[in-house]
Amino acid sequence: MNKPITIALTKGRLEKDTLKLLAKMGLDMDFMKEKNRKLIFESPDGKLRFLLVKAPDVTTYVRHGVADLGVVGKDVLLEHPYGYYEMLDLNIGVCKFSVASTADYQPKDHKRKRIATKYPTVASSYFNSKNEDVEIIKIEGSVEISPVLHLADAIVDIVETGNTLRENGLEVFEDICRISARLIANKAAIKSNPEIVTFIQELEKIVANKGGRVFDETINR
Ligand SMILES: Nc1ncnc2c1ncn2[C@@H]1O[C@H](COP(=O)(O)OP(=O)(O)OP(=O)(O)O)[C@@H](O)[C@H]1O
Ligand SMILES: O=P(O)(O)OC[C@H]1O[C@H](OP(=O)(O)OP(=O)(O)O)[C@H](O)[C@@H]1O
């Protein structure tokens with residue numbers, strides 16, 4: 001029997017919607033419902049194997065060929081942009097990258113800004129693209145409190161509903177790009193295993209009328 005197609009899934013926020021998409025493909029995903037501390041799951045027919053890992057590690061498992069495919073947010077791909085093929089926009093986990101701060105922030109004054117973010121690559125390339133020299137301060141989470149506490153002048157972070165910004169006294173000053181979960185593939189696996197290509201085509205049919213292979217990174221929400 002062939003070895004299973006291995007798919008690294010982002011654990012946490014994207015997990016439920018990813019499983020729903022896979023169920024829409026006609027896959028019985030009940031074997032993933034076992035809610036204990038298990039992190040590797042194999043389908044009863046032995047055709048699919050799922051790894052539950054942290055978002056940036058999805059790219060690592062796929063790049064090293066341990067996983068054939070991965071599901072991960074575009075935010076993470078922009079920070080780790082090499083060593084895999086980006087195949088499909090899954091149109092789940094939709095949000096955006098924005099620059100946000102307190103109401104008194106002056107984006108156009110000529111002071112060198114301090115920008116706090118979990119996404120230093122995204123933040124520097126955004127400000128570079130505007131020819132603006134900024135100091136990037138890497139933060140691991142709860143980024144929204146940093147302008148309020150004067151650690152930074154502004155933040156670059158994910159915004160979905162805007163609730164976290166509002167509840168911490170921040171507002172959006174600039175939108176950077178749209179984010180959604182993507183299917184990525186190991187470069188060698190996709191060339192050598194036709195079953196992986198078939199799997200991607202089946203998944204594409206499910207998302208085709210929403211996301212599919214269209215990579216529109218502009219804000220359209
Ligand atoms: N508020 C949000 N709305 C929609 N999608 C989001 C939101 N926040 C994050 N995401 C997407 O979901 C992915 C996973 O987010 P999640 O919050 O589960 O983990 P994380 O922020 O990477 O890390 P941690 O596990 O440390 O919280 C992100 O990489 C992003 O693509
Ligand atoms: O616009 P909203 O709907 O409020 O969503 C945005 C928030 O969601 C994410 O945080 P997460 O919950 O992943 O926590 P984090 O601070 O650890 O990144 C993101 O970093 C924002 O803080």
# chains A, B, ... in the order shown; residues from 1 in each chain; ligands from 1

$ residues_near_ligand --ligand "ligand 1" --cutoff "8 Å" --atoms "only C-alpha atoms and all ligand atoms" --output "PDB file with C-alpha atoms, in the first residue's frame"
ATOM      1  CA  THR A  10      -1.997  24.813  11.938  1.00  0.00           C
ATOM      2  CA  LYS A  11      -3.141  23.974  15.435  1.00  0.00           C
ATOM      3  CA  GLY A  12      -5.597  26.382  17.045  1.00  0.00           C
ATOM      4  CA  ARG A  13      -7.712  29.000  15.334  1.00  0.00           C
ATOM      5  CA  LEU A  14      -7.585  27.526  11.792  1.00  0.00           C
ATOM      6  CA  GLU A  15      -8.148  23.940  12.895  1.00  0.00           C
ATOM      7  CA  LYS A  54       2.272  25.581  15.433  1.00  0.00           C
ATOM      8  CA  ALA A  55       1.803  27.842  12.414  1.00  0.00           C
ATOM      9  CA  PRO A  56       5.469  28.614  11.505  1.00  0.00           C
ATOM     10  CA  VAL A  72      -1.122  27.876   7.181  1.00  0.00           C
ATOM     11  CA  GLY A  73      -1.998  31.584   7.220  1.00  0.00           C
ATOM     12  CA  LYS A  74      -0.579  33.956   4.605  1.00  0.00           C
ATOM     13  CA  ASP A  75       0.748  36.022   7.550  1.00  0.00           C
ATOM     14  CA  VAL A  76       3.107  33.160   8.388  1.00  0.00           C
ATOM     15  CA  ILE A  92     -10.695  30.571   5.684  1.00  0.00           C
ATOM     16  CA  GLY A  93      -9.031  32.498   8.539  1.00  0.00           C
ATOM     17  CA  VAL A  94      -9.688  35.690   6.606  1.00  0.00           C
ATOM     18  CA  CYS A  95      -8.305  38.825   8.208  1.00  0.00           C
ATOM     19  CA  GLU A 140       5.363  37.671  20.776  1.00  0.00           C
ATOM     20  CA  GLY A 141       1.691  38.544  21.370  1.00  0.00           C
ATOM     21  CA  ILE A 158      -3.645  41.057  12.321  1.00  0.00           C
ATOM     22  CA  VAL A 159      -7.096  42.639  12.427  1.00  0.00           C
ATOM     23  CA  GLU A 160     -10.280  40.643  11.989  1.00  0.00           C
ATOM     24  CA  THR A 161     -13.262  42.156  13.789  1.00  0.00           C
ATOM     25  CA  ILE A 179      -4.643  37.400   4.858  1.00  0.00           C
ATOM     26  CA  SER A 180      -6.222  33.965   4.584  1.00  0.00           C
ATOM     27  CA  ALA A 181      -5.161  30.362   5.074  1.00  0.00           C
TER      28      ALA A 181
END

$ residues_around --residues "Pro107 in chain A" --least-positions-apart "6" --cutoff "12 Å" --atoms "only C-alpha atoms" --output "number ranges by chain"
A: 99-101, 113-115, 127, 130, 132, 134, 153-155, 172-174

$ select_by_dssp --residues "range 12-193 of chain A" --states "alpha helix (DSSP H)" --output "ChimeraX atom specification"
/A:15-24,55-63,74-79,120-129,145-148,163-167,187-192

$ atom_distance --atom1 "CA of Tyr126 in chain A" --atom2 "CA of Asp175 in chain A"
10.3 Å

$ residues_around --residues "Glu86 in chain A" --least-positions-apart "5" --cutoff "10 Å" --atoms "only C-alpha atoms" --output "list of chain:residue names"
A:Leu69, A:Gly70, A:Val71, A:Lys74, A:Leu77, A:Pro81, A:Arg182, A:Leu183, A:Ile184, A:Ala185, A:Asn186, A:Lys187, A:Arg213, A:Phe215

$ write_last_selection --atoms "C-alpha atoms" --output "mmCIF file, in the first residue's frame"
data_model
loop_
_atom_site.group_PDB
_atom_site.id
_atom_site.type_symbol
_atom_site.label_atom_id
_atom_site.label_comp_id
_atom_site.auth_asym_id
_atom_site.auth_seq_id
_atom_site.Cartn_x
_atom_site.Cartn_y
_atom_site.Cartn_z
ATOM 1 C CA LEU A 69 1.105 19.524 2.232
ATOM 2 C CA GLY A 70 0.388 22.190 4.833
ATOM 3 C CA VAL A 71 -2.388 24.568 5.837
ATOM 4 C CA LYS A 74 -0.579 33.956 4.605
ATOM 5 C CA LEU A 77 4.051 32.604 4.719
ATOM 6 C CA PRO A 81 8.543 32.928 2.312
ATOM 7 C CA ARG A 182 -3.253 28.797 2.189
ATOM 8 C CA LEU A 183 -2.450 25.264 1.094
ATOM 9 C CA ILE A 184 1.290 24.821 0.620
ATOM 10 C CA ALA A 185 3.120 21.847 -0.887
ATOM 11 C CA ASN A 186 6.550 20.273 -0.689
ATOM 12 C CA LYS A 187 8.338 20.933 -3.986
ATOM 13 C CA ARG A 213 -5.801 29.796 -7.243
ATOM 14 C CA PHE A 215 -3.857 35.321 -5.224
#

$ closest_residue --among "A:Asn193, A:Gln201, A:Ser125, A:Thr117" --to "ligand 2" --atoms "only C-alpha atoms and all ligand atoms"
A:Thr117

$ atom_distance --atom1 "CA of Val66 in chain A" --atom2 "CA of Asn91 in chain A"
25.0 Å

$ residues_around --residues "Tyr82 in chain A" --least-positions-apart "5" --cutoff "10 Å" --atoms "only C-alpha atoms" --output "PyMOL selection string"
chain A and resi 59-60+63+77

$ residues_around --residues "range 32-47 of chain A" --least-positions-apart "2" --cutoff "10 Å" --atoms "only C-alpha atoms" --output "PyMOL selection string"
chain A and resi 1-9+11+19+27-30+49-53+195

$ select_by_dssp --residues "range 6-70 of chain A" --states "strand (DSSP E)" --output "PyMOL selection string"
chain A and resi 6-10+40-42+48-53+69-70

$ closest_residue --among "A:Lys96, A:His110, A:Lys191, A:Arg178" --to "ligand 2" --atoms "only C-alpha atoms and all ligand atoms"
A:Lys96

$ atom_distance --atom1 "CA of Leu151 in chain A" --atom2 "CA of Ser129 in chain A"
23.7 Å

$ residues_around --residues "Lys118 in chain A" --least-positions-apart "3" --cutoff "8 Å" --atoms "only C-alpha atoms" --output "list of chain:residue names"
A:Lys138, A:Ile139, A:Glu140, A:Gly141, A:Val143, A:Val156, A:Asp157

$ write_last_selection --atoms "N, CA and C atoms" --output "PDB file, in the first residue's frame"
ATOM      1  N   LYS A 138      10.326  43.464  18.113  1.00  0.00           N
ATOM      2  CA  LYS A 138       9.662  42.155  18.008  1.00  0.00           C
ATOM      3  C   LYS A 138       8.936  41.835  19.314  1.00  0.00           C
ATOM      4  N   ILE A 139       7.642  41.517  19.170  1.00  0.00           N
ATOM      5  CA  ILE A 139       6.785  41.186  20.317  1.00  0.00           C
ATOM      6  C   ILE A 139       6.153  39.825  20.015  1.00  0.00           C
ATOM      7  N   GLU A 140       5.880  39.024  21.029  1.00  0.00           N
ATOM      8  CA  GLU A 140       5.363  37.671  20.776  1.00  0.00           C
ATOM      9  C   GLU A 140       3.843  37.573  20.803  1.00  0.00           C
ATOM     10  N   GLY A 141       3.159  38.583  21.304  1.00  0.00           N
ATOM     11  CA  GLY A 141       1.691  38.544  21.370  1.00  0.00           C
ATOM     12  C   GLY A 141       1.198  39.732  22.171  1.00  0.00           C
ATOM     13  N   VAL A 143       0.173  42.419  21.193  1.00  0.00           N
ATOM     14  CA  VAL A 143       0.917  43.543  20.605  1.00  0.00           C
ATOM     15  C   VAL A 143       0.186  44.865  20.821  1.00  0.00           C
ATOM     16  N   VAL A 156       2.164  46.686  13.782  1.00  0.00           N
ATOM     17  CA  VAL A 156       1.685  45.986  12.581  1.00  0.00           C
ATOM     18  C   VAL A 156       1.147  44.671  13.109  1.00  0.00           C
ATOM     19  N   ASP A 157      -0.168  44.444  12.896  1.00  0.00           N
ATOM     20  CA  ASP A 157      -0.746  43.199  13.420  1.00  0.00           C
ATOM     21  C   ASP A 157      -1.957  42.791  12.603  1.00  0.00           C
TER      22      ASP A 157
END

$ decode --residues "range 68-181 of chain A" --atoms "C-alpha atoms" --output "compact mmCIF listing (two decimals), in the first residue's frame"
# COMPACT_ATOMS: atom_id res chain seq x y z
CA ASP A 68 3.64 16.76 1.70
CA LEU A 69 1.11 19.52 2.23
CA GLY A 70 0.39 22.19 4.83
CA VAL A 71 -2.39 24.57 5.84
CA VAL A 72 -1.12 27.88 7.18
CA GLY A 73 -2.00 31.58 7.22
CA LYS A 74 -0.58 33.96 4.60
CA ASP A 75 0.75 36.02 7.55
CA VAL A 76 3.11 33.16 8.39
CA LEU A 77 4.05 32.60 4.72
CA LEU A 78 5.02 36.26 4.38
CA GLU A 79 7.37 35.82 7.35
CA HIS A 80 8.73 32.48 6.06
CA PRO A 81 8.54 32.93 2.31
CA TYR A 82 10.70 30.13 0.91
CA GLY A 83 11.09 26.37 0.40
CA TYR A 84 7.55 25.34 -0.62
CA TYR A 85 4.94 25.99 -3.29
CA GLU A 86 1.87 28.03 -2.39
CA MET A 87 -1.00 26.17 -4.09
CA LEU A 88 -4.43 27.42 -3.01
CA ASP A 89 -6.15 30.23 -1.19
CA LEU A 90 -8.50 28.33 1.12
CA ASN A 91 -10.48 31.45 2.00
CA ILE A 92 -10.69 30.57 5.68
CA GLY A 93 -9.03 32.50 8.54
CA VAL A 94 -9.69 35.69 6.61
CA CYS A 95 -8.31 38.82 8.21
CA LYS A 96 -5.85 41.60 7.26
CA PHE A 97 -2.55 43.12 8.25
CA SER A 98 -2.85 46.73 9.40
CA VAL A 99 -0.84 49.51 10.95
CA ALA A 100 -2.65 50.63 14.09
CA SER A 101 -2.07 53.00 16.96
CA THR A 102 -3.69 55.40 19.39
CA ALA A 103 -5.70 58.32 17.94
CA ASP A 104 -2.82 60.78 18.45
CA TYR A 105 -0.45 58.82 16.12
CA GLN A 106 0.93 60.98 13.31
CA PRO A 107 1.83 58.58 10.49
CA LYS A 108 3.11 61.38 8.28
CA ASP A 109 5.36 63.25 10.67
CA HIS A 110 9.03 62.78 9.87
CA LYS A 111 10.08 61.14 13.13
CA ARG A 112 11.65 57.66 12.94
CA LYS A 113 8.86 55.39 14.17
CA ARG A 114 9.12 52.42 16.54
CA ILE A 115 6.89 49.63 15.25
CA ALA A 116 6.00 46.71 17.52
CA THR A 117 5.00 43.47 15.81
CA LYS A 118 5.00 39.68 15.84
CA TYR A 119 5.80 39.96 12.10
CA PRO A 120 9.16 41.79 11.67
CA THR A 121 9.64 40.78 8.01
CA VAL A 122 6.17 41.98 7.01
CA ALA A 123 6.54 45.23 8.96
CA SER A 124 10.00 46.06 7.59
CA SER A 125 9.11 45.29 4.00
CA TYR A 126 5.95 47.37 4.27
CA PHE A 127 7.77 50.44 5.62
CA ASN A 128 10.69 49.85 3.20
CA SER A 129 8.23 49.86 0.32
CA LYS A 130 7.21 53.35 1.45
CA ASN A 131 10.88 54.38 1.80
CA GLU A 132 10.34 54.86 5.49
CA ASP A 133 13.09 53.90 7.92
CA VAL A 134 11.57 52.46 11.12
CA GLU A 135 12.79 50.63 14.21
CA ILE A 136 11.13 47.21 14.52
CA ILE A 137 10.44 45.89 18.03
CA LYS A 138 9.66 42.15 18.01
CA ILE A 139 6.78 41.19 20.32
CA GLU A 140 5.36 37.67 20.78
CA GLY A 141 1.69 38.54 21.37
CA SER A 142 -0.75 41.05 22.93
CA VAL A 143 0.92 43.54 20.61
CA GLU A 144 -1.99 45.97 21.01
CA ILE A 145 -0.84 47.18 24.40
CA SER A 146 2.56 48.40 23.18
CA PRO A 147 1.55 51.86 21.81
CA VAL A 148 -0.60 52.50 24.89
CA LEU A 149 2.41 51.83 27.11
CA HIS A 150 4.72 53.86 24.81
CA LEU A 151 6.91 50.89 23.94
CA ALA A 152 6.14 51.67 20.29
CA ASP A 153 4.57 54.43 18.18
CA ALA A 154 2.42 51.95 16.26
CA ILE A 155 1.91 48.24 15.61
CA VAL A 156 1.68 45.99 12.58
CA ASP A 157 -0.75 43.20 13.42
CA ILE A 158 -3.65 41.06 12.32
CA VAL A 159 -7.10 42.64 12.43
CA GLU A 160 -10.28 40.64 11.99
CA THR A 161 -13.26 42.16 13.79
CA GLY A 162 -11.25 45.11 15.16
CA ASN A 163 -12.42 44.25 18.70
CA THR A 164 -8.92 43.81 20.12
CA LEU A 165 -7.89 47.21 18.72
CA ARG A 166 -11.01 48.97 20.01
CA GLU A 167 -10.84 47.41 23.44
CA ASN A 168 -7.28 48.62 23.80
CA GLY A 169 -7.89 52.15 22.52
CA LEU A 170 -6.29 51.70 19.08
CA GLU A 171 -7.46 52.37 15.54
CA VAL A 172 -6.36 51.36 12.06
CA PHE A 173 -4.23 53.92 10.19
CA GLU A 174 -3.19 51.86 7.15
CA ASP A 175 -4.19 48.49 5.68
CA ILE A 176 -1.30 46.41 4.38
CA CYS A 177 -2.84 43.31 2.78
CA ARG A 178 -5.48 40.62 3.02
CA ILE A 179 -4.64 37.40 4.86
CA SER A 180 -6.22 33.96 4.58
CA ALA A 181 -5.16 30.36 5.07
